[in-house]
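Student: Just protein-v5.csv, nothing more (CSV, C-alpha atoms):
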chain,number,residue,atom,x,y,z
A,1,MET,CA,159.4,16.3,15.2
A,2,ASN,CA,159.2,19.9,16.2
A,3,ARG,CA,156.8,20.7,13.5
A,4,TYR,CA,154.5,17.8,14.6
A,5,PHE,CA,154.3,19.1,18.1
A,6,GLY,CA,153.9,22.6,16.8
A,7,CYS,CA,150.9,21.5,14.7
A,8,GLY,CA,149.3,19.7,17.7
A,9,LYS,CA,149.7,22.7,19.9
A,10,TYR,CA,148.4,25.0,17.2
A,11,ARG,CA,145.3,22.8,16.7
A,12,TRP,CA,144.7,22.6,20.4
A,13,LEU,CA,145.0,26.3,20.9
A,14,SER,CA,142.8,27.1,17.9
A,15,TYR,CA,139.9,25.1,19.4
A,16,GLU,CA,140.6,26.6,22.8
A,17,ALA,CA,140.4,30.1,21.3
A,18,THR,CA,136.7,29.5,20.7
A,19,ASP,CA,136.2,28.8,24.5
A,20,ARG,CA,138.5,31.3,26.2
A,21,ASP,CA,140.8,34.3,25.6
A,22,LEU,CA,144.3,33.1,24.7
A,23,SER,CA,147.3,34.7,26.3
A,24,GLU,CA,149.5,37.0,24.4
A,25,HIS,CA,152.2,34.4,24.1
A,26,GLU,CA,149.6,31.8,22.9
A,27,LEU,CA,148.2,34.3,20.3
A,28,ASP,CA,151.7,35.0,19.1
A,29,PHE,CA,152.4,31.3,18.7
A,30,VAL,CA,149.1,30.7,16.8
A,31,ALA,CA,149.8,33.6,14.4
A,32,ARG,CA,153.3,32.5,13.7
A,33,HIS,CA,152.3,28.9,13.1
A,34,GLU,CA,149.3,29.9,10.9
A,35,SER,CA,151.6,31.9,8.6
A,36,SER,CA,154.0,29.1,8.2
A,37,CYS,CA,151.8,26.0,8.0
A,38,ALA,CA,149.1,26.0,5.3
A,39,ARG,CA,148.2,22.4,6.1
A,40,CYS,CA,147.1,23.3,9.7
A,41,GLU,CA,145.2,26.3,8.4
A,42,LYS,CA,143.2,24.1,6.1
A,43,HIS,CA,142.8,21.5,8.8
A,44,MET,CA,141.3,24.0,11.2
A,45,ALA,CA,139.1,25.6,8.5
A,46,LYS,CA,137.4,22.2,8.0
A,47,GLY,CA,137.2,21.6,11.7
A,48,PHE,CA,135.4,24.9,12.3
A,49,ALA,CA,133.1,24.3,9.3
A,50,ALA,CA,132.1,20.9,10.8
A,51,LEU,CA,131.5,22.5,14.3
A,52,ASN,CA,129.5,25.3,12.8
A,53,MET,CA,127.3,22.8,11.1
A,54,LEU,CA,126.9,21.0,14.4
A,55,ARG,CA,125.9,24.2,16.2
A,56,GLY,CA,123.4,24.9,13.5
A,57,GLN,CA,121.6,21.6,14.1
A,58,THR,CA,120.1,22.4,17.5
A,59,LEU,CA,116.9,20.6,18.2
A,60,GLU,CA,114.4,22.7,20.1
A,61,ALA,CA,112.2,21.4,22.9
A,62,CYS,CA,108.5,20.8,21.9
A,63,PRO,CA,107.0,18.7,24.6
A,64,LYS,CA,103.7,16.9,23.7
A,65,ALA,CA,100.5,18.2,25.3
A,66,GLY,CA,99.9,16.7,28.8
A,67,PHE,CA,103.6,16.1,29.5
A,68,ASP,CA,103.2,17.5,33.1
A,69,GLU,CA,100.1,15.4,33.8
A,70,ARG,CA,101.9,12.2,32.6
A,71,VAL,CA,104.8,12.8,34.9
A,72,LEU,CA,102.5,13.5,37.9
A,73,ARG,CA,100.5,10.4,37.1
A,74,ARG,CA,103.6,8.3,37.0
A,75,TYR,CA,104.9,9.9,40.2
A,76,ARG,CA,101.6,9.0,42.0
A,77,VAL,CA,101.9,5.3,40.8
A,78,ILE,CA,105.5,5.2,41.9
A,79,SER,CA,104.7,6.7,45.3
A,80,VAL,CA,102.0,4.2,46.0
A,81,ARG,CA,104.3,1.3,44.9
A,82,ALA,CA,107.1,2.7,47.1
A,83,SER,CA,104.8,3.0,50.2
A,84,LEU,CA,103.6,-0.6,49.6
A,85,ARG,CA,107.1,-1.8,49.3
A,86,TYR,CA,108.0,0.1,52.4
A,87,TRP,CA,105.2,-1.3,54.5
A,88,SER,CA,105.1,-4.8,53.0
A,89,PRO,CA,107.7,-6.3,55.5
A,90,ALA,CA,105.7,-5.0,58.4
A,91,MET,CA,102.4,-6.3,56.9
A,92,ILE,CA,104.0,-9.8,56.2
A,93,GLY,CA,105.4,-9.8,59.7
A,94,ALA,CA,102.0,-8.9,61.2
A,95,GLY,CA,100.4,-11.7,59.1
A,96,VAL,CA,102.9,-14.3,60.2
A,97,ALA,CA,102.5,-13.3,63.9
A,98,GLY,CA,98.7,-13.5,63.5
A,99,LEU,CA,98.9,-16.9,62.1
A,100,VAL,CA,101.2,-18.1,64.9
A,101,ILE,CA,98.9,-16.7,67.6
A,102,LEU,CA,95.9,-18.3,65.9
A,103,ALA,CA,97.7,-21.7,65.7
A,104,ALA,CA,98.7,-21.4,69.4
A,105,LEU,CA,95.2,-20.6,70.5
A,106,GLN,CA,93.9,-23.5,68.4
A,107,MET,CA,96.3,-25.9,70.1
A,108,ILE,CA,95.5,-24.7,73.6
A,109,THR,CA,91.7,-25.1,73.1
A,110,GLN,CA,92.1,-28.6,71.4
A,111,SER,CA,94.4,-30.0,74.1
A,112,SER,CA,91.9,-29.2,76.8
A,113,GLN,CA,89.2,-31.2,75.0
A,114,ILE,CA,91.2,-34.4,74.9
A,115,PRO,CA,90.5,-36.8,77.9
A,116,ALA,CA,93.7,-37.6,79.8
A,117,PHE,CA,93.4,-41.4,80.1
A,118,SER,CA,91.2,-42.8,77.4
A,119,ALA,CA,91.8,-44.7,74.2
A,120,PRO,CA,91.5,-42.9,71.1
A,121,ARG,CA,88.0,-42.9,69.6
A,122,GLY,CA,89.2,-44.1,66.3
A,123,GLU,CA,90.5,-47.5,67.7
A,124,ALA,CA,88.8,-50.3,65.7
A,125,ARG,CA,89.5,-53.4,67.8
A,126,LEU,CA,88.5,-54.0,71.4
A,127,SER,CA,91.2,-53.8,74.0
A,128,THR,CA,92.1,-57.2,75.5
A,129,PRO,CA,93.8,-56.9,78.8
A,130,ALA,CA,97.0,-59.0,79.1
A,131,PHE,CA,96.4,-59.6,82.8
A,132,PRO,CA,93.1,-60.2,84.6
A,133,GLU,CA,91.8,-57.1,86.2
A,134,THR,CA,89.6,-58.4,89.1
A,135,LEU,CA,90.6,-60.5,92.1
A,136,GLU,CA,88.3,-63.5,91.1
A,137,SER,CA,89.5,-63.7,87.7
A,138,ASN,CA,93.0,-63.5,89.0
A,139,ILE,CA,92.5,-66.5,91.2
A,140,ARG,CA,90.9,-68.4,88.3
A,141,TYR,CA,93.9,-67.5,86.2
A,142,VAL,CA,96.3,-68.8,88.8
A,143,ASN,CA,94.4,-72.1,89.2
A,144,GLN,CA,94.4,-72.8,85.6
B,1,MET,CA,119.4,50.2,32.8
B,2,VAL,CA,116.0,49.4,34.1
B,3,GLU,CA,116.2,46.0,32.5
B,4,ALA,CA,119.6,45.5,34.0
B,5,GLN,CA,118.2,46.2,37.4
B,6,LEU,CA,115.1,44.2,36.9
B,7,ALA,CA,116.8,41.1,35.6
B,8,PRO,CA,118.7,40.2,38.7
B,9,SER,CA,115.7,40.8,41.0
B,10,SER,CA,113.4,38.7,38.8
B,11,ARG,CA,116.1,36.0,38.8
B,12,LEU,CA,116.2,36.2,42.6
B,13,GLU,CA,112.5,35.9,42.8
B,14,SER,CA,112.4,32.9,40.6
B,15,ALA,CA,115.2,31.3,42.7
B,16,ILE,CA,113.2,31.9,45.8
B,17,ASP,CA,110.1,30.4,44.2
B,18,GLU,CA,112.1,27.4,43.2
B,19,LEU,CA,113.5,27.0,46.7
B,20,GLN,CA,110.0,27.0,48.2
B,21,TRP,CA,108.8,24.5,45.6
B,22,VAL,CA,111.7,22.2,46.4
B,23,ARG,CA,110.9,22.4,50.1
B,24,ARG,CA,107.2,21.6,49.5
B,25,CYS,CA,108.2,18.9,47.1
B,26,ARG,CA,110.0,17.1,49.9
B,27,HIS,CA,106.6,16.7,51.6
B,28,GLY,CA,105.0,15.4,48.4
B,29,ASP,CA,103.2,18.6,47.4
B,30,GLU,CA,101.9,18.0,43.9
B,31,THR,CA,101.4,21.7,43.1
B,32,ALA,CA,105.0,22.3,43.8
B,33,LEU,CA,106.0,19.2,41.7
B,34,GLY,CA,103.9,20.6,38.8
B,35,SER,CA,105.6,24.0,39.1
B,36,LEU,CA,109.0,22.4,39.0
B,37,ILE,CA,108.1,20.3,36.0
B,38,ALA,CA,106.7,23.4,34.2
B,39,ARG,CA,109.9,25.3,34.9
B,40,HIS,CA,112.5,22.7,33.8
B,41,ARG,CA,110.8,20.5,31.2
B,42,ASN,CA,111.8,22.5,28.1
B,43,ARG,CA,115.4,22.7,29.1
B,44,LEU,CA,115.6,18.9,29.9
B,45,ILE,CA,113.8,17.9,26.7
B,46,ARG,CA,116.0,20.2,24.6
B,47,THR,CA,119.2,18.8,26.1
B,48,ALA,CA,118.0,15.2,25.9
B,49,SER,CA,117.0,15.8,22.3
B,50,ASN,CA,120.4,17.2,21.4
B,51,LEU,CA,122.2,14.4,23.1
B,52,LEU,CA,120.1,11.5,21.8
B,53,ARG,CA,118.9,13.1,18.6
B,54,ASP,CA,115.5,11.6,19.1
B,55,ARG,CA,112.6,13.7,20.4
B,56,HIS,CA,110.4,10.8,21.6
B,57,GLU,CA,113.3,9.2,23.5
B,58,ALA,CA,114.2,12.7,24.9
B,59,GLU,CA,110.7,13.2,26.3
B,60,ASP,CA,110.9,9.7,27.9
B,61,VAL,CA,114.3,10.6,29.4
B,62,ALA,CA,113.0,13.9,30.7
B,63,GLN,CA,110.1,12.1,32.4
B,64,GLU,CA,112.4,9.6,34.0
B,65,SER,CA,114.7,12.4,35.2
B,66,PHE,CA,111.8,14.2,36.9
B,67,LEU,CA,110.7,11.0,38.6
B,68,LYS,CA,114.1,10.0,39.7
B,69,ALA,CA,114.8,13.5,41.0
B,70,PHE,CA,111.5,13.6,43.0
B,71,ARG,CA,111.9,10.1,44.3
B,72,GLU,CA,115.4,10.7,45.5
B,73,ILE,CA,114.9,14.3,46.6
B,74,GLY,CA,115.9,13.2,50.1
B,75,LYS,CA,119.5,12.8,48.8
B,76,LEU,CA,119.7,16.5,47.8
B,77,ARG,CA,121.5,18.3,50.6
B,78,ASP,CA,121.1,21.9,49.3
B,79,ASP,CA,117.6,22.9,48.0
B,80,ARG,CA,119.2,25.6,45.9
B,81,ALA,CA,121.1,23.0,43.9
B,82,PHE,CA,117.9,21.3,42.5
B,83,SER,CA,118.3,22.6,39.0
B,84,GLY,CA,121.8,21.3,38.6
B,85,TYR,CA,120.8,18.0,40.3
B,86,LEU,CA,118.0,17.5,37.9
B,87,TYR,CA,120.1,18.4,34.9
B,88,ARG,CA,122.8,16.0,36.0
B,89,ILE,CA,120.3,13.2,36.3
B,90,CYS,CA,119.0,13.9,32.8
B,91,VAL,CA,122.5,13.9,31.2
B,92,ARG,CA,123.4,10.8,33.1
B,93,LEU,CA,120.3,9.0,31.9
B,94,CYS,CA,121.0,10.1,28.3
B,95,MET,CA,124.6,8.8,28.6
B,96,ASP,CA,123.3,5.5,29.9
B,97,ARG,CA,121.0,5.2,26.8
B,98,LEU,CA,123.8,6.1,24.5
B,99,ARG,CA,126.1,3.5,26.0
B,100,LEU,CA,123.3,0.9,25.6
B,101,LYS,CA,122.9,1.7,21.9
B,102,ARG,CA,125.3,-0.2,19.9
B,103,ALA,CA,127.2,2.0,17.5
B,104,GLU,CA,126.3,0.9,14.0
B,105,PRO,CA,128.9,1.2,11.3
B,106,ALA,CA,128.4,4.4,9.4
B,107,GLU,CA,127.0,4.1,5.9
B,108,PHE,CA,128.3,7.3,4.3
B,109,ASP,CA,128.2,5.8,0.8
B,110,SER,CA,124.5,6.8,0.4
B,111,ILE,CA,125.2,10.4,1.2
B,112,GLN,CA,128.4,10.8,-0.6
B,113,GLU,CA,126.8,13.2,-3.0
B,114,HIS,CA,126.4,15.8,-0.3
B,115,SER,CA,124.5,18.9,-1.5
B,116,GLY,CA,124.3,20.6,1.8
B,117,GLY,CA,120.5,20.5,2.3
B,118,LEU,CA,119.2,21.0,5.8
B,119,ILE,CA,117.8,17.6,6.3
B,120,GLU,CA,120.8,16.0,4.7
B,121,ASN,CA,123.1,17.9,7.0
B,122,ARG,CA,121.1,16.7,10.0
B,123,VAL,CA,121.3,13.1,8.8
B,124,VAL,CA,125.1,13.4,8.4
B,125,ILE,CA,125.5,15.1,11.8
B,126,GLU,CA,123.5,12.4,13.5
B,127,LYS,CA,125.6,9.7,11.8
B,128,CYS,CA,128.8,11.4,12.9
B,129,LEU,CA,127.6,11.8,16.4
B,130,ASP,CA,126.5,8.1,16.5
B,131,GLN,CA,130.1,7.2,15.8
B,132,LEU,CA,131.5,9.0,18.9
B,133,PRO,CA,131.7,7.3,22.2
B,134,ALA,CA,129.1,8.4,24.7
B,135,ASP,CA,131.5,10.5,26.9
B,136,LEU,CA,132.9,12.4,23.9
B,137,ARG,CA,129.5,12.9,22.4
B,138,ALA,CA,128.0,14.3,25.6
B,139,THR,CA,131.0,16.6,26.1
B,140,LEU,CA,130.8,17.9,22.6
B,141,VAL,CA,127.0,18.4,22.6
B,142,LEU,CA,127.0,20.1,26.0
B,143,ARG,CA,129.7,22.5,25.0
B,144,GLU,CA,128.9,23.2,21.3
B,145,ILE,CA,125.1,23.0,21.3
B,146,GLU,CA,124.1,23.6,24.8
B,147,GLN,CA,126.8,26.2,25.2
B,148,LEU,CA,127.8,25.2,28.7
B,149,SER,CA,131.0,26.5,30.2
B,150,TYR,CA,133.9,24.0,30.9
B,151,GLU,CA,133.0,24.3,34.6
B,152,GLU,CA,129.3,23.5,34.0
B,153,VAL,CA,130.2,20.5,31.8
B,154,ALA,CA,132.6,19.3,34.4
B,155,ASP,CA,130.0,19.6,37.1
B,156,THR,CA,127.3,17.9,35.0
B,157,MET,CA,129.5,15.0,34.1
B,158,ARG,CA,131.3,14.8,37.4
B,159,VAL,CA,134.8,15.0,35.9
B,160,PRO,CA,137.7,17.4,36.4
B,161,ILE,CA,137.9,20.4,34.1
B,162,GLY,CA,141.1,19.0,32.6
B,163,THR,CA,139.3,15.9,31.5
B,164,VAL,CA,136.6,18.1,29.9
B,165,ARG,CA,139.2,20.0,28.0
B,166,SER,CA,141.0,16.9,26.6
B,167,ARG,CA,137.7,15.1,25.8
B,168,LEU,CA,136.4,18.2,24.0
B,169,HIS,CA,139.6,18.4,21.9
B,170,THR,CA,139.4,14.7,21.0
B,171,ALA,CA,135.7,14.9,20.3
B,172,ARG,CA,136.2,17.9,18.0
B,173,GLU,CA,139.0,16.3,16.1
B,174,LYS,CA,137.0,13.0,15.7
B,175,PHE,CA,133.9,14.8,14.7
B,176,ARG,CA,135.9,16.8,12.1
B,177,LYS,CA,137.3,13.6,10.6
B,178,LEU,CA,133.9,11.9,10.5
B,179,TRP,CA,132.4,15.0,8.9
B,180,ILE,CA,135.1,15.1,6.2
B,181,GLU,CA,134.7,11.4,5.6
B,182,ALA,CA,130.9,11.8,5.2
B,183,VAL,CA,130.9,14.9,3.1
B,184,GLY,CA,133.8,13.8,1.0
B,185,GLU,CA,135.6,17.1,0.9
Please lay out the structure from this file as structure tokens.

Tutor:
Amino acid sequence: MNRYFGCGKYRWLSYEATDRDLSEHELDFVARHESSCARCEKHMAKGFAALNMLRGQTLEACPKAGFDERVLRRYRVISVRASLRYWSPAMIGAGVAGLVILAALQMITQSSQIPAFSAPRGEARLSTPAFPETLESNIRYVNQ
Amino acid sequence: MVEAQLAPSSRLESAIDELQWVRRCRHGDETALGSLIARHRNRLIRTASNLLRDRHEAEDVAQESFLKAFREIGKLRDDRAFSGYLYRICVRLCMDRLRLKRAEPAEFDSIQEHSGGLIENRVVIEKCLDQLPADLRATLVLREIEQLSYEEVADTMRVPIGTVRSRLHTAREKFRKLWIEAVGE
């Protein structure tokens, strides 16, 4: 059990040693463990070989010609879209308000053209009064 | 000695230039945008290439990073922090892409006869990296290839330093195992 924890600590510290300076106590532990555990030494040797291989496979940047222009062009398109998106609610609101005003004006002008007491022009049949309208016809109606 | 004196002053000058470009960028000045792109594009493309192991995708991510940074420049409180802000966006976009990619099972059989050629090594390394989860892969690449310090990795990935330390250890161990499995040593 102790050996397991010792190996784990050794491996942890061995990797850490590549990133920072180990303390004297830690260095002492690493040296003691290294001399007593061949398995760990082999383990770390392979680990470092793999990491060295990784470090050696760095890809360098080689941007294609016109990279800057492409970014700026896309930025312009995005800015136009964003400003349209920003103003579109206001434009829609203004459109709706315009339509409402137009409809209201239309209604006002139309209602003034309609005669107050007249039959609609589209009426097909003639109106037949239910009761006689003049005094004479009224008398005739009663006599009947 | 002269170099030692000149280096900090030129660094200061470039920092001042960048500060002015960022300020002008907030008002949509395209010349300033162009200057910022020219200054940071190589670093972004290199980091994205190393994280994604694909140059075309890396260029695409670098473009997106610039656009996102310029679009959301209002969120940046300190103009001096633009460089880190841009870099963080780039790494985050790379990690998003890595998460979206489904890890394909490694086919190491075809490369069992490993002779150590440059291209062969590259293929093996890419396959090993593909097997790592996005967080571990990004931590490993930022530390081992990009040579960032623990603090810089923590700042870029927005995690505590302790998390970087433990992720790095796990990533190194996993990478070692995958490498041995691939090379067959």

Student: If I take atom CA of Asn42 of chain B and atom CA of Arg92 of chain B, how far is one from the other in Å, to one decimal?

Tutor: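 Value for the atom CA of Asn42 of chain B-atom CA of Arg92 of chain B distance: 17.2 Å.
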
Student: I'd like a table as a tab-separated table: residues in chain B with an atom no more than 7 Å from chain A, each row giving the shortest atom pair and its distance in Å to one decimal, all atoms listed in the file counted, sorted by chain and rising residue number.

Tutor:
residue	atom	partner	partner_atom	distance
B:Gly34	CA	A:Asp68	CA	6.5
B:Ile37	CA	A:Asp68	CA	6.3
B:Ala38	CA	A:Asp68	CA	6.9
B:Asn42	CA	A:Ala61	CA	5.3
B:Ile45	CA	A:Ala61	CA	5.4
B:Arg46	CA	A:Ala61	CA	4.3
B:Ser49	CA	A:Leu59	CA	6.3
B:Asn50	CA	A:Leu59	CA	5.8
B:Glu59	CA	A:Pro63	CA	6.8
B:Gln63	CA	A:Val71	CA	5.9
B:Leu67	CA	A:Tyr75	CA	6.1
B:Arg122	CA	A:Gln57	CA	6.4
B:Ile125	CA	A:Leu54	CA	6.6
B:Glu144	CA	A:Arg55	CA	6.0
B:Ile145	CA	A:Arg55	CA	5.3
B:His169	CA	A:Trp12	CA	6.8
B:Arg176	CA	A:Gly47	CA	5.0
B:Trp179	CA	A:Ala50	CA	6.2

Student: So which one's closest to Thr163 of chain B, B:Leu36, B:Leu136, B:Leu178, B:Leu19? Using only C-alpha atoms, please.

Tutor: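 That would be B:Leu136, the residue with the smallest distance to Thr163 of chain B.
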
Student: Between atom CA of Tyr10 of chain A and atom CA of Lys174 of chain B, what is the distance in Å, rounded to a tenth?

Tutor: 16.6 Å

Student: Go through B:Ser14, B:Arg23, B:Phe175, B:Asp155 one by one, measure the shortest atom-to-atom distance of each to Asp78 of chain B using only C-alpha atoms, and give the residue with the smallest value.

Tutor: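 Checking each of B:Ser14, B:Arg23, B:Phe175, B:Asp155 against Asp78 of chain B, counting only C-alpha atoms, the winner is B:Arg23.
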
Student: Please measure the separation of atom CA of Ala171 of chain B and atom CA of Val141 of chain B, giving the value in Å to one decimal.

Tutor: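 One can read the atom CA of Ala171 of chain B to atom CA of Val141 of chain B distance as 9.7 Å.
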
Student: Show me, as a ChimeraX atom specification, the residues that have an atom within 12 Å of Asp96 of chain B when counting all atoms listed in the file, minus same-chain residues fewer than 3 positions from it.

Tutor: /B:48,51-52,61,89-93,99-102,133-135,138

Student: Report as a ChimeraX atom specification all protein, DNA and RNA residues lying within 12 Å of Gly74 of chain B, evaluated on all atoms listed in the file, omitting residues in the same chain fewer than 6 positions from it.

Tutor: /B:22-23,25-28,68,82,85
